[in-house]
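Working notes, beginning with the structure itself.
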Amino acid sequence: MDSLHAIGFYVSATISVGGGLALAFLPGRGSRGVALAAGGLGIAGLYLSLSAGFAGLVALVCYAGCALLLSAKHYRVIDTSEGPVWRQAGAVAAAALFAILAYAAWRGDFFHALYVSGDIGSASIGRLLFAHDALATEAVGALVLAALAGATAMWRGRGRGR
Amino acid sequence: MARAGSRSVSAGFVAVLFVAAALVATGAFVAAWKRDLTAALAGLPLIFGGAGVAFAGVSRFAATSAPPLFGQEVAALLPVVALALVALGVGIAGRGTPR
């Protein structure tokens, strides 16, 4: 990886992890949406610096959709009754998860190889998605359709009941 | 041209896996830390994003002669799945008063 790609990688990593941490601590829906959009921008930048430009474009659109959904004003707030001890235990568990994954990455015995590809590669990814792995693409499409149809039905049903 | 004695910035596979691990752990932290369950859904895209970065990194640094695109394919599908799950979660939560 050359210096320009490496700098882009580290900047994108900082933006994505920083956006995620801001997402955890910022109050309010609008600020959470902005933080998630920043995290998505960082993740798209990571994909781009890893020569996966098409995945970066898809991520940019999908994370913008997630940010719009989660910053909407009309969804219901469901508060949990758990005390701060369980939340702190969850935070410690997340830190332990990071430690385990980072240790596995650090101690892993990886063969050092370099592959240089700078283009977006939408044609080859499209061939893979719609010809070689068409079943997986259809499964994801069915999941998206079911999720959107279910979400719409529940949203309308609960709205009518009020 | 680089000056004599200067070092170029580089990022390897271990750095990619570190960032992926940080994203997965940050998503898990968001999901555990948020008191509001609907807001905790925001951790899901981060977890999926971390997995996607790991897949894209494997695809980028794979030791094969031909460009392996499978990792990029999974990395492109994971954000779509994350968006679908967030939409489903927000739909299940339903309408309510803004806060």
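Identifiers for the structure tokens are assigned positionally: chains receive A, B, ... in sequence, residues are indexed from 1 per chain, and ligands are indexed from 1 in the order shown.
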Pull the closest atom pair for each residue of chain A that gets at most 7 Å from chain B, along with the distance in Å to one decimal, counting only C-alpha atoms, ordering rows by chain and then ascending residue number, as a Markdown table.
```
| residue | atom | partner | partner_atom | distance |
| --- | --- | --- | --- | --- |
| A:Met1 | CA | B:Ser10 | CA | 5.9 |
| A:Asp2 | CA | B:Ser10 | CA | 6.2 |
| A:Ser3 | CA | B:Val9 | CA | 4.8 |
| A:Ala6 | CA | B:Ser10 | CA | 5.1 |
| A:Ile7 | CA | B:Val9 | CA | 6.9 |
| A:Ala13 | CA | B:Val19 | CA | 6.4 |
| A:Val17 | CA | B:Leu23 | CA | 6.0 |
| A:Gly20 | CA | B:Thr26 | CA | 6.1 |
| A:Leu21 | CA | B:Thr26 | CA | 6.6 |
| A:Ala24 | CA | B:Val30 | CA | 4.9 |
| A:Ile43 | CA | B:Gly49 | CA | 6.6 |
| A:Tyr47 | CA | B:Val53 | CA | 6.6 |
| A:Leu50 | CA | B:Arg60 | CA | 6.0 |
| A:Ser51 | CA | B:Arg60 | CA | 6.8 |
| A:Ala52 | CA | B:Gln72 | CA | 5.9 |
| A:Ala55 | CA | B:Ala76 | CA | 4.1 |
| A:Val58 | CA | B:Ala76 | CA | 6.0 |
| A:Ala59 | CA | B:Pro79 | CA | 5.4 |
| A:Cys62 | CA | B:Pro79 | CA | 5.8 |
| A:Gly65 | CA | B:Leu83 | CA | 6.9 |
| A:Cys66 | CA | B:Leu83 | CA | 5.7 |
| A:Leu69 | CA | B:Ala87 | CA | 7.0 |
| A:Leu70 | CA | B:Ala39 | CA | 6.9 |
| A:Lys73 | CA | B:Pro98 | CA | 5.2 |
| A:His74 | CA | B:Arg95 | CA | 5.4 |
| A:Tyr75 | CA | B:Arg95 | CA | 4.3 |
| A:Arg76 | CA | B:Gly96 | CA | 3.8 |
| A:Val77 | CA | B:Asp36 | CA | 6.0 |
| A:Ile78 | CA | B:Asp36 | CA | 5.3 |
| A:Asp79 | CA | B:Asp36 | CA | 4.6 |
| A:Thr80 | CA | B:Arg35 | CA | 5.8 |
| A:Arg87 | CA | B:Trp33 | CA | 5.3 |
| A:Gly90 | CA | B:Ala32 | CA | 5.1 |
| A:Ala91 | CA | B:Phe29 | CA | 5.3 |
| A:Ala94 | CA | B:Ala25 | CA | 5.1 |
| A:Ala95 | CA | B:Ala25 | CA | 6.6 |
| A:Leu97 | CA | B:Ala25 | CA | 6.1 |
| A:Phe98 | CA | B:Ala25 | CA | 5.2 |
| A:Leu101 | CA | B:Ala21 | CA | 5.6 |
| A:Ala102 | CA | B:Phe18 | CA | 5.5 |
| A:Ala105 | CA | B:Val14 | CA | 5.7 |
| A:Trp106 | CA | B:Val14 | CA | 6.3 |
| A:Ala113 | CA | B:Ala63 | CA | 5.1 |
| A:Leu114 | CA | B:Phe61 | CA | 5.4 |
| A:Tyr115 | CA | B:Phe61 | CA | 5.9 |
| A:Ile125 | CA | B:Glu73 | CA | 6.3 |
| A:Leu129 | CA | B:Glu73 | CA | 6.8 |
| A:Val140 | CA | B:Val81 | CA | 6.7 |
| A:Val144 | CA | B:Ala84 | CA | 5.0 |
| A:Ala147 | CA | B:Leu88 | CA | 5.1 |
| A:Leu148 | CA | B:Leu88 | CA | 6.4 |
| A:Gly150 | CA | B:Leu88 | CA | 6.7 |
| A:Ala151 | CA | B:Gly91 | CA | 3.9 |
| A:Thr152 | CA | B:Gly91 | CA | 6.3 |
| A:Met154 | CA | B:Gly91 | CA | 5.8 |
| A:Trp155 | CA | B:Gly94 | CA | 5.0 |
| A:Arg158 | CA | B:Gly94 | CA | 6.0 |
| A:Gly159 | CA | B:Arg95 | CA | 6.1 |
```
- Task: Using DSSP on the backbone, list every residue of stretch 9-156 of chain A that comes out as alpha helix (DSSP H), and give them as a PyMOL selection string.
- Result: chain A and resi 9-25+29-49+53-70+84-107+122-127+134-156
Dump of C-alpha atoms for the selected residues, as an mmCIF file, in the first residue's frame:
```
data_model
loop_
_atom_site.group_PDB
_atom_site.id
_atom_site.type_symbol
_atom_site.label_atom_id
_atom_site.label_comp_id
_atom_site.auth_asym_id
_atom_site.auth_seq_id
_atom_site.Cartn_x
_atom_site.Cartn_y
_atom_site.Cartn_z
ATOM 1 C CA PHE A 9 -6.762 4.405 5.348
ATOM 2 C CA TYR A 10 -5.684 5.821 8.704
ATOM 3 C CA VAL A 11 -7.772 8.991 8.306
ATOM 4 C CA SER A 12 -10.822 6.907 7.381
ATOM 5 C CA ALA A 13 -10.186 4.573 10.325
ATOM 6 C CA THR A 14 -10.066 7.559 12.695
ATOM 7 C CA ILE A 15 -13.282 8.994 11.246
ATOM 8 C CA SER A 16 -15.153 5.680 11.414
ATOM 9 C CA VAL A 17 -14.135 4.736 14.960
ATOM 10 C CA GLY A 18 -14.572 8.332 16.145
ATOM 11 C CA GLY A 19 -18.026 8.445 14.592
ATOM 12 C CA GLY A 20 -18.892 5.193 16.342
ATOM 13 C CA LEU A 21 -17.745 6.503 19.721
ATOM 14 C CA ALA A 22 -19.635 9.762 19.152
ATOM 15 C CA LEU A 23 -22.669 7.648 18.332
ATOM 16 C CA ALA A 24 -22.420 6.037 21.750
ATOM 17 C CA PHE A 25 -22.066 9.224 23.754
ATOM 18 C CA ARG A 29 -31.452 11.809 17.397
ATOM 19 C CA GLY A 30 -30.033 14.373 15.016
ATOM 20 C CA SER A 31 -26.530 14.207 16.451
ATOM 21 C CA ARG A 32 -26.695 10.400 16.457
ATOM 22 C CA GLY A 33 -27.651 10.449 12.781
ATOM 23 C CA VAL A 34 -24.739 12.764 11.971
ATOM 24 C CA ALA A 35 -22.359 10.526 13.944
ATOM 25 C CA LEU A 36 -23.572 7.407 12.127
ATOM 26 C CA ALA A 37 -23.239 9.178 8.772
ATOM 27 C CA ALA A 38 -19.663 10.146 9.703
ATOM 28 C CA GLY A 39 -18.941 6.556 10.674
ATOM 29 C CA GLY A 40 -20.370 5.379 7.353
ATOM 30 C CA LEU A 41 -18.233 7.917 5.507
ATOM 31 C CA GLY A 42 -15.167 6.557 7.281
ATOM 32 C CA ILE A 43 -16.099 2.965 6.467
ATOM 33 C CA ALA A 44 -16.626 3.891 2.806
ATOM 34 C CA GLY A 45 -13.186 5.526 2.847
ATOM 35 C CA LEU A 46 -11.711 2.355 4.325
ATOM 36 C CA TYR A 47 -13.244 0.314 1.515
ATOM 37 C CA LEU A 48 -11.916 2.769 -1.048
ATOM 38 C CA SER A 49 -8.393 2.628 0.344
ATOM 39 C CA GLY A 53 -14.564 1.164 -4.429
ATOM 40 C CA PHE A 54 -17.869 -0.424 -5.404
ATOM 41 C CA ALA A 55 -18.416 -1.692 -1.857
ATOM 42 C CA GLY A 56 -17.561 1.819 -0.676
ATOM 43 C CA LEU A 57 -20.285 3.338 -2.841
ATOM 44 C CA VAL A 58 -22.827 0.793 -1.577
ATOM 45 C CA ALA A 59 -21.753 1.440 2.016
ATOM 46 C CA LEU A 60 -22.076 5.202 1.569
ATOM 47 C CA VAL A 61 -25.681 4.887 0.366
ATOM 48 C CA CYS A 62 -26.687 2.291 2.977
ATOM 49 C CA TYR A 63 -25.141 4.145 5.919
ATOM 50 C CA ALA A 64 -26.827 7.356 4.813
ATOM 51 C CA GLY A 65 -30.113 5.399 4.850
ATOM 52 C CA CYS A 66 -29.369 4.053 8.327
ATOM 53 C CA ALA A 67 -28.554 7.569 9.549
ATOM 54 C CA LEU A 68 -31.802 8.934 8.096
ATOM 55 C CA LEU A 69 -33.814 6.122 9.708
ATOM 56 C CA LEU A 70 -32.238 6.568 13.130
ATOM 57 C CA PRO A 84 -25.882 1.148 35.045
ATOM 58 C CA VAL A 85 -24.099 -1.986 36.227
ATOM 59 C CA TRP A 86 -25.267 -4.000 33.232
ATOM 60 C CA ARG A 87 -24.367 -1.214 30.827
ATOM 61 C CA GLN A 88 -20.901 -1.008 32.335
ATOM 62 C CA ALA A 89 -20.595 -4.768 32.114
ATOM 63 C CA GLY A 90 -21.517 -4.517 28.433
ATOM 64 C CA ALA A 91 -18.843 -1.843 27.929
ATOM 65 C CA VAL A 92 -16.232 -4.027 29.616
ATOM 66 C CA ALA A 93 -17.334 -6.974 27.454
ATOM 67 C CA ALA A 94 -16.926 -4.815 24.310
ATOM 68 C CA ALA A 95 -13.420 -3.844 25.458
ATOM 69 C CA ALA A 96 -12.609 -7.512 26.085
ATOM 70 C CA LEU A 97 -13.910 -8.360 22.609
ATOM 71 C CA PHE A 98 -11.590 -5.743 21.117
ATOM 72 C CA ALA A 99 -8.666 -7.084 23.116
ATOM 73 C CA ILE A 100 -9.313 -10.650 21.931
ATOM 74 C CA LEU A 101 -9.737 -9.640 18.276
ATOM 75 C CA ALA A 102 -6.676 -7.370 18.361
ATOM 76 C CA TYR A 103 -4.591 -10.108 19.979
ATOM 77 C CA ALA A 104 -5.744 -12.581 17.316
ATOM 78 C CA ALA A 105 -4.799 -10.088 14.594
ATOM 79 C CA TRP A 106 -1.432 -9.342 16.184
ATOM 80 C CA ARG A 107 -0.448 -12.948 16.783
ATOM 81 C CA SER A 122 -18.080 -2.581 -10.563
ATOM 82 C CA ALA A 123 -18.196 -4.761 -13.705
ATOM 83 C CA SER A 124 -16.323 -7.674 -12.168
ATOM 84 C CA ILE A 125 -18.206 -7.373 -8.858
ATOM 85 C CA GLY A 126 -21.478 -7.235 -10.790
ATOM 86 C CA ARG A 127 -20.558 -10.377 -12.710
ATOM 87 C CA ALA A 134 -26.665 -15.010 -7.804
ATOM 88 C CA LEU A 135 -28.288 -17.102 -5.066
ATOM 89 C CA ALA A 136 -26.579 -15.097 -2.317
ATOM 90 C CA THR A 137 -27.630 -11.843 -3.976
ATOM 91 C CA GLU A 138 -31.204 -13.073 -4.245
ATOM 92 C CA ALA A 139 -31.143 -14.115 -0.586
ATOM 93 C CA VAL A 140 -30.015 -10.644 0.448
ATOM 94 C CA GLY A 141 -32.648 -9.109 -1.821
ATOM 95 C CA ALA A 142 -35.338 -11.302 -0.247
ATOM 96 C CA LEU A 143 -34.115 -10.293 3.218
ATOM 97 C CA VAL A 144 -34.283 -6.613 2.313
ATOM 98 C CA LEU A 145 -37.756 -7.013 0.804
ATOM 99 C CA ALA A 146 -39.055 -8.941 3.831
ATOM 100 C CA ALA A 147 -37.503 -6.454 6.246
ATOM 101 C CA LEU A 148 -38.919 -3.420 4.460
ATOM 102 C CA ALA A 149 -42.363 -5.000 4.005
ATOM 103 C CA GLY A 150 -42.441 -6.106 7.653
ATOM 104 C CA ALA A 151 -41.265 -2.725 8.874
ATOM 105 C CA THR A 152 -43.874 -0.916 6.792
ATOM 106 C CA ALA A 153 -46.668 -3.229 7.945
ATOM 107 C CA MET A 154 -45.740 -2.877 11.608
ATOM 108 C CA TRP A 155 -45.268 0.870 11.317
ATOM 109 C CA ARG A 156 -48.680 1.332 9.737
#
```
